[in-house]
$ cat start.cif   # mmCIF, N, CA and C atoms
data_upload
#
loop_
_atom_site.label_atom_id
_atom_site.label_comp_id
_atom_site.auth_asym_id
_atom_site.auth_seq_id
_atom_site.Cartn_x
_atom_site.Cartn_y
_atom_site.Cartn_z
N MET I 1 4.47 17.24 -13.86
CA MET I 1 3.95 18.14 -12.86
C MET I 1 4.82 19.38 -12.74
N PHE I 2 6.14 19.21 -12.86
CA PHE I 2 7.03 20.37 -12.72
C PHE I 2 6.79 21.39 -13.82
N THR I 3 6.42 20.92 -15.02
CA THR I 3 6.16 21.87 -16.10
C THR I 3 4.91 22.69 -15.82
N ASP I 4 3.96 22.13 -15.07
CA ASP I 4 2.77 22.90 -14.69
C ASP I 4 3.14 24.04 -13.75
N ILE I 5 4.15 23.84 -12.93
CA ILE I 5 4.54 24.84 -11.93
C ILE I 5 5.60 25.79 -12.48
N PHE I 6 6.65 25.23 -13.11
CA PHE I 6 7.81 26.02 -13.49
C PHE I 6 7.89 26.39 -14.97
N GLY I 7 6.92 25.98 -15.77
CA GLY I 7 6.94 26.30 -17.19
C GLY I 7 7.59 25.19 -18.01
N SER I 8 7.78 25.46 -19.28
CA SER I 8 8.27 24.40 -20.17
C SER I 8 9.68 24.65 -20.67
N ALA I 9 10.52 25.22 -19.85
CA ALA I 9 11.93 25.38 -20.22
C ALA I 9 12.54 23.99 -20.40
N PRO I 10 13.53 23.85 -21.28
CA PRO I 10 14.12 22.53 -21.52
C PRO I 10 14.60 21.82 -20.26
N ARG I 11 15.21 22.56 -19.35
CA ARG I 11 15.70 21.94 -18.11
C ARG I 11 14.54 21.38 -17.29
N VAL I 12 13.46 22.13 -17.21
CA VAL I 12 12.30 21.70 -16.45
C VAL I 12 11.66 20.47 -17.11
N ARG I 13 11.55 20.49 -18.45
CA ARG I 13 10.97 19.34 -19.15
C ARG I 13 11.80 18.09 -18.96
N LEU I 14 13.12 18.23 -18.98
CA LEU I 14 13.99 17.07 -18.79
C LEU I 14 13.84 16.51 -17.37
N ILE I 15 13.88 17.37 -16.38
CA ILE I 15 13.74 16.92 -14.99
C ILE I 15 12.34 16.34 -14.76
N ASP I 16 11.33 16.95 -15.35
CA ASP I 16 9.97 16.45 -15.22
C ASP I 16 9.86 15.05 -15.81
N PHE I 17 10.42 14.84 -16.98
CA PHE I 17 10.38 13.51 -17.59
C PHE I 17 11.11 12.49 -16.73
N LEU I 18 12.31 12.83 -16.29
CA LEU I 18 13.08 11.88 -15.48
C LEU I 18 12.42 11.62 -14.13
N ALA I 19 11.74 12.63 -13.56
CA ALA I 19 11.04 12.45 -12.29
C ALA I 19 9.84 11.52 -12.45
N ASP I 20 9.27 11.47 -13.63
CA ASP I 20 8.16 10.55 -13.87
C ASP I 20 8.64 9.10 -13.98
N HIS I 21 9.94 8.91 -14.21
CA HIS I 21 10.52 7.57 -14.39
C HIS I 21 11.84 7.45 -13.62
N PRO I 22 11.81 7.60 -12.29
CA PRO I 22 13.08 7.64 -11.54
C PRO I 22 13.83 6.31 -11.48
N ALA I 23 13.17 5.21 -11.76
CA ALA I 23 13.82 3.91 -11.67
C ALA I 23 14.54 3.51 -12.95
N PHE I 24 14.40 4.31 -14.01
CA PHE I 24 14.97 3.95 -15.30
C PHE I 24 16.11 4.87 -15.69
N ASP I 25 17.00 4.34 -16.51
CA ASP I 25 18.08 5.17 -17.04
C ASP I 25 17.88 5.34 -18.54
N TYR I 26 18.38 6.44 -19.07
CA TYR I 26 18.14 6.81 -20.46
C TYR I 26 19.41 7.34 -21.11
N THR I 27 19.48 7.17 -22.42
CA THR I 27 20.57 7.77 -23.19
C THR I 27 20.20 9.21 -23.50
N ILE I 28 21.17 9.96 -24.00
CA ILE I 28 20.92 11.35 -24.39
C ILE I 28 19.82 11.40 -25.46
N SER I 29 19.92 10.51 -26.44
CA SER I 29 18.93 10.50 -27.53
C SER I 29 17.53 10.18 -27.02
N GLN I 30 17.42 9.23 -26.10
CA GLN I 30 16.12 8.90 -25.54
C GLN I 30 15.55 10.06 -24.75
N MET I 31 16.38 10.72 -23.94
CA MET I 31 15.91 11.87 -23.18
C MET I 31 15.44 12.98 -24.12
N ALA I 32 16.18 13.20 -25.19
CA ALA I 32 15.81 14.23 -26.15
C ALA I 32 14.47 13.91 -26.80
N GLU I 33 14.27 12.66 -27.17
CA GLU I 33 13.03 12.26 -27.83
C GLU I 33 11.84 12.35 -26.87
N PHE I 34 11.96 11.75 -25.70
CA PHE I 34 10.82 11.68 -24.79
C PHE I 34 10.50 13.01 -24.13
N ALA I 35 11.49 13.84 -23.87
CA ALA I 35 11.24 15.15 -23.25
C ALA I 35 11.00 16.22 -24.32
N GLU I 36 11.13 15.83 -25.59
CA GLU I 36 10.93 16.74 -26.73
C GLU I 36 11.84 17.96 -26.63
N ILE I 37 13.14 17.67 -26.52
CA ILE I 37 14.18 18.70 -26.43
C ILE I 37 15.23 18.37 -27.48
N ALA I 38 15.84 19.38 -28.07
CA ALA I 38 16.89 19.16 -29.05
C ALA I 38 18.07 18.44 -28.39
N ARG I 39 18.64 17.49 -29.11
CA ARG I 39 19.73 16.69 -28.54
C ARG I 39 20.93 17.53 -28.09
N PRO I 40 21.38 18.55 -28.87
CA PRO I 40 22.49 19.37 -28.37
C PRO I 40 22.18 20.05 -27.03
N THR I 41 20.92 20.43 -26.84
CA THR I 41 20.52 21.04 -25.58
C THR I 41 20.58 20.01 -24.45
N VAL I 42 20.18 18.78 -24.73
CA VAL I 42 20.23 17.74 -23.71
C VAL I 42 21.67 17.44 -23.30
N TYR I 43 22.60 17.46 -24.26
CA TYR I 43 24.02 17.27 -23.90
C TYR I 43 24.46 18.31 -22.88
N LYS I 44 24.10 19.58 -23.12
CA LYS I 44 24.48 20.66 -22.19
C LYS I 44 23.81 20.47 -20.83
N LEU I 45 22.51 20.13 -20.85
CA LEU I 45 21.78 19.96 -19.61
C LEU I 45 22.31 18.79 -18.80
N VAL I 46 22.65 17.70 -19.47
CA VAL I 46 23.18 16.53 -18.76
C VAL I 46 24.50 16.89 -18.10
N ASP I 47 25.37 17.61 -18.82
CA ASP I 47 26.64 18.04 -18.21
C ASP I 47 26.40 18.89 -16.97
N GLN I 48 25.44 19.83 -17.05
CA GLN I 48 25.13 20.69 -15.91
C GLN I 48 24.57 19.89 -14.74
N LEU I 49 23.62 19.00 -15.05
CA LEU I 49 22.97 18.23 -13.99
C LEU I 49 23.91 17.21 -13.35
N VAL I 50 24.81 16.64 -14.13
CA VAL I 50 25.81 15.74 -13.55
C VAL I 50 26.75 16.55 -12.65
N GLY I 51 27.13 17.76 -13.09
CA GLY I 51 27.98 18.62 -12.28
C GLY I 51 27.33 19.04 -10.97
N GLN I 52 26.01 19.14 -10.97
CA GLN I 52 25.26 19.50 -9.76
C GLN I 52 24.85 18.26 -8.96
N ASP I 53 25.29 17.10 -9.38
CA ASP I 53 25.01 15.82 -8.72
C ASP I 53 23.52 15.50 -8.71
N MET I 54 22.78 15.99 -9.72
CA MET I 54 21.36 15.68 -9.83
C MET I 54 21.12 14.48 -10.74
N LEU I 55 22.03 14.25 -11.67
CA LEU I 55 22.00 13.08 -12.54
C LEU I 55 23.23 12.25 -12.25
N THR I 56 23.11 10.96 -12.49
CA THR I 56 24.25 10.09 -12.31
C THR I 56 24.40 9.17 -13.52
N PHE I 57 25.63 8.92 -13.90
CA PHE I 57 25.94 7.99 -14.98
C PHE I 57 25.71 6.58 -14.44
N THR I 58 24.97 5.75 -15.19
CA THR I 58 24.69 4.40 -14.71
C THR I 58 25.46 3.33 -15.47
N ARG I 59 25.56 3.45 -16.78
CA ARG I 59 26.23 2.41 -17.56
C ARG I 59 26.48 2.92 -18.96
N SER I 60 27.25 2.16 -19.71
CA SER I 60 27.39 2.48 -21.12
C SER I 60 27.26 1.20 -21.92
N VAL I 61 26.63 1.33 -23.06
CA VAL I 61 26.45 0.22 -24.00
C VAL I 61 26.97 0.72 -25.33
N GLY I 62 28.10 0.16 -25.77
CA GLY I 62 28.73 0.68 -26.97
C GLY I 62 29.17 2.11 -26.74
N ASP I 63 28.75 3.00 -27.60
CA ASP I 63 29.08 4.42 -27.44
C ASP I 63 28.03 5.18 -26.65
N SER I 64 26.94 4.53 -26.30
CA SER I 64 25.84 5.21 -25.60
C SER I 64 26.06 5.18 -24.10
N LYS I 65 25.86 6.33 -23.48
CA LYS I 65 25.95 6.45 -22.03
C LYS I 65 24.55 6.63 -21.48
N PHE I 66 24.27 5.96 -20.37
CA PHE I 66 22.96 6.02 -19.74
C PHE I 66 23.04 6.82 -18.45
N TYR I 67 21.99 7.62 -18.21
CA TYR I 67 21.92 8.47 -17.02
C TYR I 67 20.54 8.31 -16.39
N ARG I 68 20.48 8.58 -15.09
CA ARG I 68 19.21 8.61 -14.38
C ARG I 68 19.30 9.64 -13.26
N LEU I 69 18.16 9.96 -12.67
CA LEU I 69 18.17 10.88 -11.53
C LEU I 69 18.96 10.27 -10.39
N ASN I 70 19.71 11.11 -9.71
CA ASN I 70 20.50 10.66 -8.56
C ASN I 70 19.59 10.70 -7.33
N VAL I 71 18.97 9.57 -7.03
CA VAL I 71 18.03 9.53 -5.91
C VAL I 71 18.72 9.57 -4.55
N ALA I 72 20.06 9.60 -4.54
CA ALA I 72 20.79 9.78 -3.29
C ALA I 72 20.96 11.27 -2.95
N ASN I 73 20.65 12.14 -3.90
CA ASN I 73 20.76 13.58 -3.70
C ASN I 73 19.50 14.07 -2.97
N PRO I 74 19.66 14.75 -1.82
CA PRO I 74 18.49 15.23 -1.06
C PRO I 74 17.58 16.16 -1.86
N ARG I 75 18.14 16.96 -2.77
CA ARG I 75 17.31 17.85 -3.60
C ARG I 75 16.40 17.04 -4.51
N ILE I 76 16.92 15.97 -5.09
CA ILE I 76 16.12 15.11 -5.97
C ILE I 76 15.03 14.41 -5.15
N VAL I 77 15.39 13.92 -3.97
CA VAL I 77 14.41 13.25 -3.12
C VAL I 77 13.28 14.21 -2.77
N SER I 78 13.61 15.46 -2.44
CA SER I 78 12.58 16.46 -2.13
C SER I 78 11.69 16.73 -3.33
N MET I 79 12.30 16.84 -4.51
CA MET I 79 11.50 17.08 -5.73
C MET I 79 10.56 15.91 -5.99
N LEU I 80 11.05 14.69 -5.83
CA LEU I 80 10.20 13.52 -6.06
C LEU I 80 9.07 13.45 -5.05
N GLN I 81 9.34 13.83 -3.80
CA GLN I 81 8.29 13.83 -2.78
C GLN I 81 7.20 14.83 -3.14
N VAL I 82 7.59 16.01 -3.60
CA VAL I 82 6.61 17.02 -4.01
C VAL I 82 5.80 16.51 -5.19
N ASP I 83 6.47 15.88 -6.15
CA ASP I 83 5.79 15.33 -7.32
C ASP I 83 4.79 14.26 -6.91
N PHE I 84 5.20 13.33 -6.06
CA PHE I 84 4.31 12.26 -5.63
C PHE I 84 3.15 12.79 -4.79
N GLU I 85 3.41 13.78 -3.94
CA GLU I 85 2.34 14.37 -3.14
C GLU I 85 1.31 15.05 -4.04
N GLY I 86 1.78 15.71 -5.10
CA GLY I 86 0.86 16.34 -6.05
C GLY I 86 0.01 15.32 -6.76
N ILE I 87 0.60 14.21 -7.15
CA ILE I 87 -0.16 13.15 -7.82
C ILE I 87 -1.18 12.55 -6.86
N ASN I 88 -0.77 12.32 -5.61
CA ASN I 88 -1.70 11.77 -4.62
C ASN I 88 -2.86 12.72 -4.36
N THR I 89 -2.59 14.01 -4.32
CA THR I 89 -3.64 15.01 -4.13
C THR I 89 -4.62 14.97 -5.29
N GLU I 90 -4.09 14.88 -6.52
CA GLU I 90 -4.96 14.81 -7.70
C GLU I 90 -5.78 13.53 -7.70
N LEU I 91 -5.18 12.42 -7.30
CA LEU I 91 -5.92 11.17 -7.22
C LEU I 91 -7.06 11.27 -6.21
N ALA I 92 -6.77 11.87 -5.05
CA ALA I 92 -7.79 12.01 -4.01
C ALA I 92 -8.92 12.93 -4.47
N ALA I 93 -8.60 13.91 -5.31
CA ALA I 93 -9.61 14.85 -5.80
C ALA I 93 -10.41 14.27 -6.97
N GLY I 94 -10.02 13.11 -7.46
CA GLY I 94 -10.75 12.48 -8.56
C GLY I 94 -10.39 13.00 -9.93
N VAL I 95 -9.23 13.59 -10.08
CA VAL I 95 -8.82 14.14 -11.37
C VAL I 95 -8.71 13.05 -12.42
N TYR I 96 -8.34 11.85 -12.00
CA TYR I 96 -8.11 10.77 -12.95
C TYR I 96 -9.29 9.82 -13.07
N ASN I 97 -10.47 10.21 -12.63
CA ASN I 97 -11.63 9.31 -12.69
C ASN I 97 -12.01 8.93 -14.10
N GLU I 98 -11.88 9.84 -15.06
CA GLU I 98 -12.25 9.51 -16.43
C GLU I 98 -11.36 8.42 -17.00
N MET I 99 -10.13 8.32 -16.53
CA MET I 99 -9.24 7.27 -17.00
C MET I 99 -9.68 5.92 -16.43
N SER I 100 -10.09 5.88 -15.17
CA SER I 100 -10.51 4.61 -14.58
C SER I 100 -11.83 4.15 -15.18
N ALA I 101 -12.72 5.09 -15.54
CA ALA I 101 -13.98 4.72 -16.16
C ALA I 101 -13.74 4.11 -17.53
N ALA I 102 -12.80 4.65 -18.27
CA ALA I 102 -12.48 4.10 -19.60
C ALA I 102 -11.86 2.73 -19.47
N ALA I 103 -11.13 2.49 -18.40
CA ALA I 103 -10.48 1.20 -18.22
C ALA I 103 -11.49 0.12 -17.86
N THR I 104 -12.63 0.48 -17.26
CA THR I 104 -13.62 -0.52 -16.87
C THR I 104 -14.59 -0.83 -17.99
N GLU I 105 -14.65 -0.01 -19.04
CA GLU I 105 -15.54 -0.29 -20.16
C GLU I 105 -15.03 -1.49 -20.93
N PRO I 106 -15.94 -2.31 -21.46
CA PRO I 106 -15.48 -3.45 -22.25
C PRO I 106 -14.80 -2.96 -23.52
N GLU I 107 -13.79 -3.68 -23.92
CA GLU I 107 -13.03 -3.30 -25.10
C GLU I 107 -13.82 -3.64 -26.35
N LYS I 108 -13.88 -2.71 -27.29
CA LYS I 108 -14.61 -2.93 -28.53
C LYS I 108 -13.76 -3.76 -29.47
N SER I 109 -14.43 -4.38 -30.39
CA SER I 109 -13.73 -5.21 -31.38
C SER I 109 -12.82 -4.35 -32.23
N ARG I 110 -11.65 -4.84 -32.51
CA ARG I 110 -10.70 -4.11 -33.34
C ARG I 110 -10.82 -4.50 -34.80
N ALA I 111 -11.68 -5.44 -35.11
CA ALA I 111 -11.77 -5.94 -36.47
C ALA I 111 -12.30 -4.89 -37.44
N GLY I 112 -13.02 -3.90 -36.95
CA GLY I 112 -13.61 -2.90 -37.82
C GLY I 112 -12.62 -1.90 -38.38
N GLY I 113 -11.39 -1.95 -37.97
CA GLY I 113 -10.39 -1.02 -38.49
C GLY I 113 -10.51 0.37 -37.91
N GLY I 114 -11.24 0.52 -36.82
CA GLY I 114 -11.38 1.83 -36.19
C GLY I 114 -10.06 2.30 -35.62
N SER I 115 -9.96 3.57 -35.38
CA SER I 115 -8.69 4.09 -34.84
C SER I 115 -8.66 3.94 -33.34
N ARG I 116 -7.48 3.71 -32.82
CA ARG I 116 -7.25 3.63 -31.39
C ARG I 116 -6.29 4.74 -31.03
N SER I 117 -6.20 5.04 -29.74
CA SER I 117 -5.29 6.09 -29.30
C SER I 117 -4.53 5.60 -28.08
N ARG I 118 -3.41 6.22 -27.82
CA ARG I 118 -2.64 5.96 -26.62
C ARG I 118 -2.07 7.27 -26.15
N LEU I 119 -1.62 7.31 -24.89
CA LEU I 119 -1.01 8.52 -24.36
C LEU I 119 0.45 8.55 -24.78
N SER I 120 0.88 9.69 -25.28
CA SER I 120 2.29 9.87 -25.62
C SER I 120 3.04 10.17 -24.33
N PRO I 121 4.40 10.18 -24.37
CA PRO I 121 5.15 10.50 -23.15
C PRO I 121 4.77 11.85 -22.56
N ARG I 122 4.26 12.77 -23.36
CA ARG I 122 3.87 14.10 -22.87
C ARG I 122 2.42 14.12 -22.41
N GLY I 123 1.71 12.99 -22.47
CA GLY I 123 0.35 12.94 -21.99
C GLY I 123 -0.70 13.29 -23.02
N ARG I 124 -0.30 13.53 -24.27
CA ARG I 124 -1.25 13.84 -25.34
C ARG I 124 -1.70 12.55 -26.00
N MET I 125 -2.93 12.54 -26.49
CA MET I 125 -3.43 11.37 -27.19
C MET I 125 -2.88 11.37 -28.61
N VAL I 126 -2.32 10.24 -29.02
CA VAL I 126 -1.82 10.09 -30.38
C VAL I 126 -2.44 8.83 -30.97
N PRO I 127 -2.81 8.87 -32.25
CA PRO I 127 -3.44 7.69 -32.85
C PRO I 127 -2.44 6.55 -33.00
N VAL I 128 -2.95 5.37 -32.83
CA VAL I 128 -2.14 4.17 -33.00
C VAL I 128 -2.85 3.29 -34.02
N ARG I 129 -2.14 2.84 -35.01
CA ARG I 129 -2.72 1.97 -36.02
C ARG I 129 -2.27 0.54 -35.76
N ALA I 130 -3.23 -0.37 -35.84
CA ALA I 130 -2.88 -1.78 -35.66
C ALA I 130 -2.01 -2.25 -36.82
N TYR I 131 -2.33 -1.78 -38.00
CA TYR I 131 -1.56 -2.15 -39.17
C TYR I 131 -1.19 -0.86 -39.90
N PRO I 132 0.07 -0.45 -39.83
CA PRO I 132 0.45 0.81 -40.49
C PRO I 132 0.17 0.76 -41.98
N ARG I 133 -0.23 1.88 -42.51
CA ARG I 133 -0.48 1.95 -43.95
C ARG I 133 0.84 1.87 -44.70
N ARG I 134 0.80 1.12 -45.74
CA ARG I 134 1.99 1.00 -46.58
C ARG I 134 1.61 1.31 -48.00
N ALA I 135 2.56 1.86 -48.71
CA ALA I 135 2.31 2.12 -50.13
C ALA I 135 2.21 0.78 -50.84
N VAL I 136 1.17 0.63 -51.61
CA VAL I 136 0.97 -0.61 -52.34
C VAL I 136 1.41 -0.42 -53.77
N ARG I 137 2.28 -1.27 -54.21
CA ARG I 137 2.72 -1.21 -55.60
C ARG I 137 1.86 -2.16 -56.41
N ARG I 138 1.19 -1.62 -57.35
CA ARG I 138 0.34 -2.45 -58.17
C ARG I 138 0.99 -2.64 -59.52
N LYS I 139 0.98 -3.87 -59.91
CA LYS I 139 1.56 -4.18 -61.20
C LYS I 139 0.49 -4.00 -62.25
N GLY I 140 0.91 -3.55 -63.36
CA GLY I 140 -0.02 -3.41 -64.48
C GLY I 140 -0.37 -4.78 -65.05
N PRO I 141 -1.30 -4.81 -65.97
CA PRO I 141 -1.67 -6.10 -66.56
C PRO I 141 -0.50 -6.70 -67.31
N LYS I 142 -0.43 -8.02 -67.29
CA LYS I 142 0.65 -8.69 -68.00
C LYS I 142 0.42 -8.55 -69.48
N THR I 143 1.49 -8.29 -70.13
CA THR I 143 1.41 -8.20 -71.59
C THR I 143 2.35 -9.23 -72.18
N SER I 144 1.91 -9.82 -73.23
CA SER I 144 2.81 -10.79 -73.89
C SER I 144 3.46 -10.10 -75.05
N ASP I 145 4.74 -10.29 -75.16
CA ASP I 145 5.48 -9.62 -76.23
C ASP I 145 5.58 -10.46 -77.45
#
$ encode --input "start.cif" --output "C-alpha coordinates"
Amino acid sequence: MFTDIFGSAPRVRLIDFLADHPAFDYTISQMAEFAEIARPTVYKLVDQLVGQDMLTFTRSVGDSKFYRLNVANPRIVSMLQVDFEGINTELAAGVYNEMSAAATEPEKSRAGGGSRSRLSPRGRMVPVRAYPRRAVRRKGPKTSD
(Lines of atoms letter the chains of each structure in order from A and count residues from 1; the text may use other names and numbers.)
(Lines give C-alpha, C1' and ligand atoms only; values in the text may rest on other atoms or scores of the structure.)
Protein backbone atom coordinates (compact mmCIF):
# COMPACT_ATOMS: atom_id res chain seq x y z
CA MET A 1 0.00 0.00 0.00
CA PHE A 2 2.83 2.41 0.78
CA THR A 3 4.21 2.03 -2.74
CA ASP A 4 0.83 3.16 -4.10
CA ILE A 5 1.11 6.37 -2.08
CA PHE A 6 4.85 7.10 -1.89
CA GLY A 7 6.19 5.50 -5.08
CA SER A 8 8.58 2.62 -5.56
CA ALA A 9 11.78 3.92 -4.01
CA PRO A 10 13.81 1.11 -2.41
CA ARG A 11 13.15 2.39 1.11
CA VAL A 12 9.41 2.51 0.50
CA ARG A 13 9.39 -0.99 -1.05
CA LEU A 14 11.30 -2.41 1.91
CA ILE A 15 9.00 -0.79 4.48
CA ASP A 16 5.94 -1.80 2.46
CA PHE A 17 7.08 -5.43 2.37
CA LEU A 18 7.88 -5.51 6.07
CA ALA A 19 4.56 -3.79 6.91
CA ASP A 20 2.73 -6.56 5.08
CA HIS A 21 4.45 -9.10 7.38
CA PRO A 22 5.02 -7.38 10.75
CA ALA A 23 5.07 -10.61 12.77
CA PHE A 24 7.99 -12.12 10.85
CA ASP A 25 11.70 -11.47 10.81
CA TYR A 26 13.89 -11.63 7.71
CA THR A 27 17.53 -11.75 6.72
CA ILE A 28 19.07 -9.13 4.44
CA SER A 29 19.00 -11.61 1.54
CA GLN A 30 15.33 -12.43 2.09
CA MET A 31 14.38 -8.76 2.28
CA ALA A 32 16.31 -8.10 -0.93
CA GLU A 33 14.60 -10.96 -2.74
CA PHE A 34 11.04 -10.34 -1.57
CA ALA A 35 11.13 -6.53 -1.85
CA GLU A 36 13.04 -6.80 -5.17
CA ILE A 37 15.88 -4.53 -4.05
CA ALA A 38 19.61 -5.00 -4.59
CA ARG A 39 21.25 -6.55 -1.54
CA PRO A 40 23.88 -3.78 -1.10
CA THR A 41 21.02 -1.26 -1.01
CA VAL A 42 19.21 -3.32 1.63
CA TYR A 43 22.35 -3.33 3.81
CA LYS A 44 22.37 0.50 3.72
CA LEU A 45 18.63 0.74 4.34
CA VAL A 46 18.75 -1.67 7.27
CA ASP A 47 21.55 0.35 8.88
CA GLN A 48 19.51 3.54 8.44
CA LEU A 49 16.27 2.02 9.70
CA VAL A 50 17.95 0.41 12.71
CA GLY A 51 19.53 3.81 13.49
CA GLN A 52 16.07 5.40 13.34
CA ASP A 53 14.68 2.64 15.60
CA MET A 54 12.26 1.52 12.87
CA LEU A 55 13.81 -1.94 12.52
CA THR A 56 15.04 -4.15 15.29
CA PHE A 57 17.52 -7.02 15.32
CA THR A 58 15.74 -10.20 16.44
CA ARG A 59 18.22 -13.07 16.22
CA SER A 60 21.13 -14.52 14.34
CA VAL A 61 21.53 -17.96 12.85
CA GLY A 62 25.10 -18.66 11.82
CA ASP A 63 26.27 -15.56 9.99
CA SER A 64 22.74 -14.43 9.12
CA LYS A 65 21.10 -11.66 11.11
CA PHE A 66 17.32 -11.36 11.24
CA TYR A 67 15.40 -8.08 11.45
CA ARG A 68 11.76 -7.06 11.72
CA LEU A 69 9.75 -3.88 12.10
CA ASN A 70 10.01 -2.39 15.56
CA VAL A 71 6.35 -2.45 16.56
CA ALA A 72 7.25 -0.65 19.80
CA ASN A 73 8.08 2.47 17.77
CA PRO A 74 5.06 4.85 17.60
CA ARG A 75 5.91 5.80 13.99
CA ILE A 76 5.75 2.15 12.92
CA VAL A 77 2.48 1.64 14.81
CA SER A 78 0.99 4.67 13.03
CA MET A 79 2.16 3.38 9.64
CA LEU A 80 0.67 -0.05 10.30
CA GLN A 81 -2.63 1.51 11.39
CA VAL A 82 -2.81 3.51 8.15
CA ASP A 83 -1.97 0.37 6.16
CA PHE A 84 -4.63 -1.71 7.92
CA GLU A 85 -7.24 1.04 7.60
CA GLY A 86 -6.54 1.22 3.86
CA ILE A 87 -6.96 -2.54 3.51
CA ASN A 88 -10.20 -2.45 5.51
CA THR A 89 -11.52 0.36 3.31
CA GLU A 90 -10.69 -1.65 0.18
CA LEU A 91 -12.36 -4.74 1.64
CA ALA A 92 -15.50 -2.74 2.45
CA ALA A 93 -15.55 -1.33 -1.09
CA GLY A 94 -15.39 -4.84 -2.57
CA VAL A 95 -11.99 -4.45 -4.22
CA TYR A 96 -11.12 -8.05 -3.39
CA ASN A 97 -14.40 -9.65 -4.49
CA GLU A 98 -12.84 -11.31 -7.54
CA MET A 99 -10.43 -13.14 -5.24
CA SER A 100 -13.24 -14.51 -3.06
CA ALA A 101 -15.22 -15.60 -6.13
CA ALA A 102 -12.23 -17.55 -7.41
CA ALA A 103 -11.82 -19.19 -4.02
CA THR A 104 -15.42 -20.46 -4.04
CA GLU A 105 -15.18 -22.05 -7.50
CA PRO A 106 -14.52 -25.78 -7.49
CA GLU A 107 -10.93 -26.67 -8.19
CA LYS A 108 -10.31 -28.15 -11.62
CA SER A 109 -8.43 -31.36 -12.08
CA ARG A 110 -4.68 -30.93 -12.28
CA ALA A 111 -4.17 -34.13 -14.22
CA GLY A 112 -4.44 -32.34 -17.56
CA GLY A 113 -1.11 -30.60 -17.10
CA GLY A 114 -2.69 -27.16 -17.34
CA SER A 115 -0.83 -24.20 -15.95
CA ARG A 116 -1.60 -22.80 -12.53
CA SER A 117 -0.70 -19.42 -11.10
CA ARG A 118 0.00 -17.94 -7.70
CA LEU A 119 0.54 -14.43 -6.39
CA SER A 120 4.16 -13.41 -6.06
CA PRO A 121 5.29 -11.33 -3.04
CA ARG A 122 4.69 -8.22 -5.18
CA GLY A 123 1.11 -9.28 -5.99
CA ARG A 124 1.77 -10.27 -9.62
CA MET A 125 0.57 -13.58 -11.00
CA VAL A 126 3.41 -15.98 -11.75
CA PRO A 127 3.01 -19.44 -13.28
CA VAL A 128 3.57 -22.42 -11.07
CA ARG A 129 4.36 -25.83 -12.49
CA ALA A 130 3.40 -28.96 -10.63
CA TYR A 131 6.34 -30.76 -12.17
CA PRO A 132 9.20 -28.53 -13.32
CA ARG A 133 10.51 -29.26 -16.77
CA ARG A 134 13.81 -31.01 -16.80
CA ALA A 135 16.19 -31.64 -19.61
CA VAL A 136 15.82 -35.24 -20.65
CA ARG A 137 18.94 -37.06 -21.68
CA ARG A 138 18.17 -39.65 -24.23
CA LYS A 139 20.53 -42.43 -24.88
CA GLY A 140 21.14 -43.50 -28.39
CA PRO A 141 20.46 -47.03 -29.53
CA LYS A 142 22.71 -49.67 -28.07
CA THR A 143 25.37 -50.82 -30.38
CA SER A 144 27.32 -53.98 -30.03
CA ASP A 145 31.00 -53.71 -30.72
$ resolve_selection --input "start.cif" --expression "the PyMOL selection byres (((chain I and resi 56 and name CA) around 9) and name CA)" --output "ChimeraX atom specification"
/I:49-50,53-55,57-58,66-71
$ atom_distance --input "start.cif" --atom1 "atom CA of I:Asp83" --atom2 "atom CA of I:Arg11"
16.1 Å
$ atom_distance --input "start.cif" --atom1 "atom CA of I:Gly51" --atom2 "atom CA of I:Ile87"
29.0 Å
$ atom_distance --input "start.cif" --atom1 "atom CA of I:Val42" --atom2 "atom N of I:Ser29"
7.7 Å
$ resolve_selection --input "start.cif" --expression "the PyMOL selection byres ((chain I and resi 27) around 8)" --output "ChimeraX atom specification"
/I:24-26,28-33,64-68
$ resolve_selection --input "start.cif" --expression "the PyMOL selection byres (((chain I and resi 20 and name CA) around 10) and name CA)" --output "JSON, numbers by chain"
{"I": [1, 2, 15, 16, 17, 18, 19, 21, 22, 23, 24, 80, 83, 84, 121]}
$ select_by_dssp --input "start.cif" --residues "stretch 6-65 of chain I" --states "strand (DSSP E or B)" --output "list of chain:residue names"
I:Tyr26, I:Leu55, I:Thr56, I:Phe57, I:Thr58, I:Arg59, I:Ser60, I:Val61, I:Ser64, I:Lys65
$ write_last_selection --input "start.cif" --atoms "N, CA and C atoms" --output "mmCIF file, in the coordinates of the input"
data_model
loop_
_atom_site.group_PDB
_atom_site.id
_atom_site.type_symbol
_atom_site.label_atom_id
_atom_site.label_comp_id
_atom_site.auth_asym_id
_atom_site.auth_seq_id
_atom_site.Cartn_x
_atom_site.Cartn_y
_atom_site.Cartn_z
ATOM 1 N N TYR I 26 18.380 6.440 -19.070
ATOM 2 C CA TYR I 26 18.140 6.810 -20.460
ATOM 3 C C TYR I 26 19.410 7.340 -21.110
ATOM 4 N N LEU I 55 22.030 14.250 -11.670
ATOM 5 C CA LEU I 55 22.000 13.080 -12.540
ATOM 6 C C LEU I 55 23.230 12.250 -12.250
ATOM 7 N N THR I 56 23.110 10.960 -12.490
ATOM 8 C CA THR I 56 24.250 10.090 -12.310
ATOM 9 C C THR I 56 24.400 9.170 -13.520
ATOM 10 N N PHE I 57 25.630 8.920 -13.900
ATOM 11 C CA PHE I 57 25.940 7.990 -14.980
ATOM 12 C C PHE I 57 25.710 6.580 -14.440
ATOM 13 N N THR I 58 24.970 5.750 -15.190
ATOM 14 C CA THR I 58 24.690 4.400 -14.710
ATOM 15 C C THR I 58 25.460 3.330 -15.470
ATOM 16 N N ARG I 59 25.560 3.450 -16.780
ATOM 17 C CA ARG I 59 26.230 2.410 -17.560
ATOM 18 C C ARG I 59 26.480 2.920 -18.960
ATOM 19 N N SER I 60 27.250 2.160 -19.710
ATOM 20 C CA SER I 60 27.390 2.480 -21.120
ATOM 21 C C SER I 60 27.260 1.200 -21.920
ATOM 22 N N VAL I 61 26.630 1.330 -23.060
ATOM 23 C CA VAL I 61 26.450 0.220 -24.000
ATOM 24 C C VAL I 61 26.970 0.720 -25.330
ATOM 25 N N SER I 64 26.940 4.530 -26.300
ATOM 26 C CA SER I 64 25.840 5.210 -25.600
ATOM 27 C C SER I 64 26.060 5.180 -24.100
ATOM 28 N N LYS I 65 25.860 6.330 -23.480
ATOM 29 C CA LYS I 65 25.950 6.450 -22.030
ATOM 30 C C LYS I 65 24.550 6.630 -21.480
#
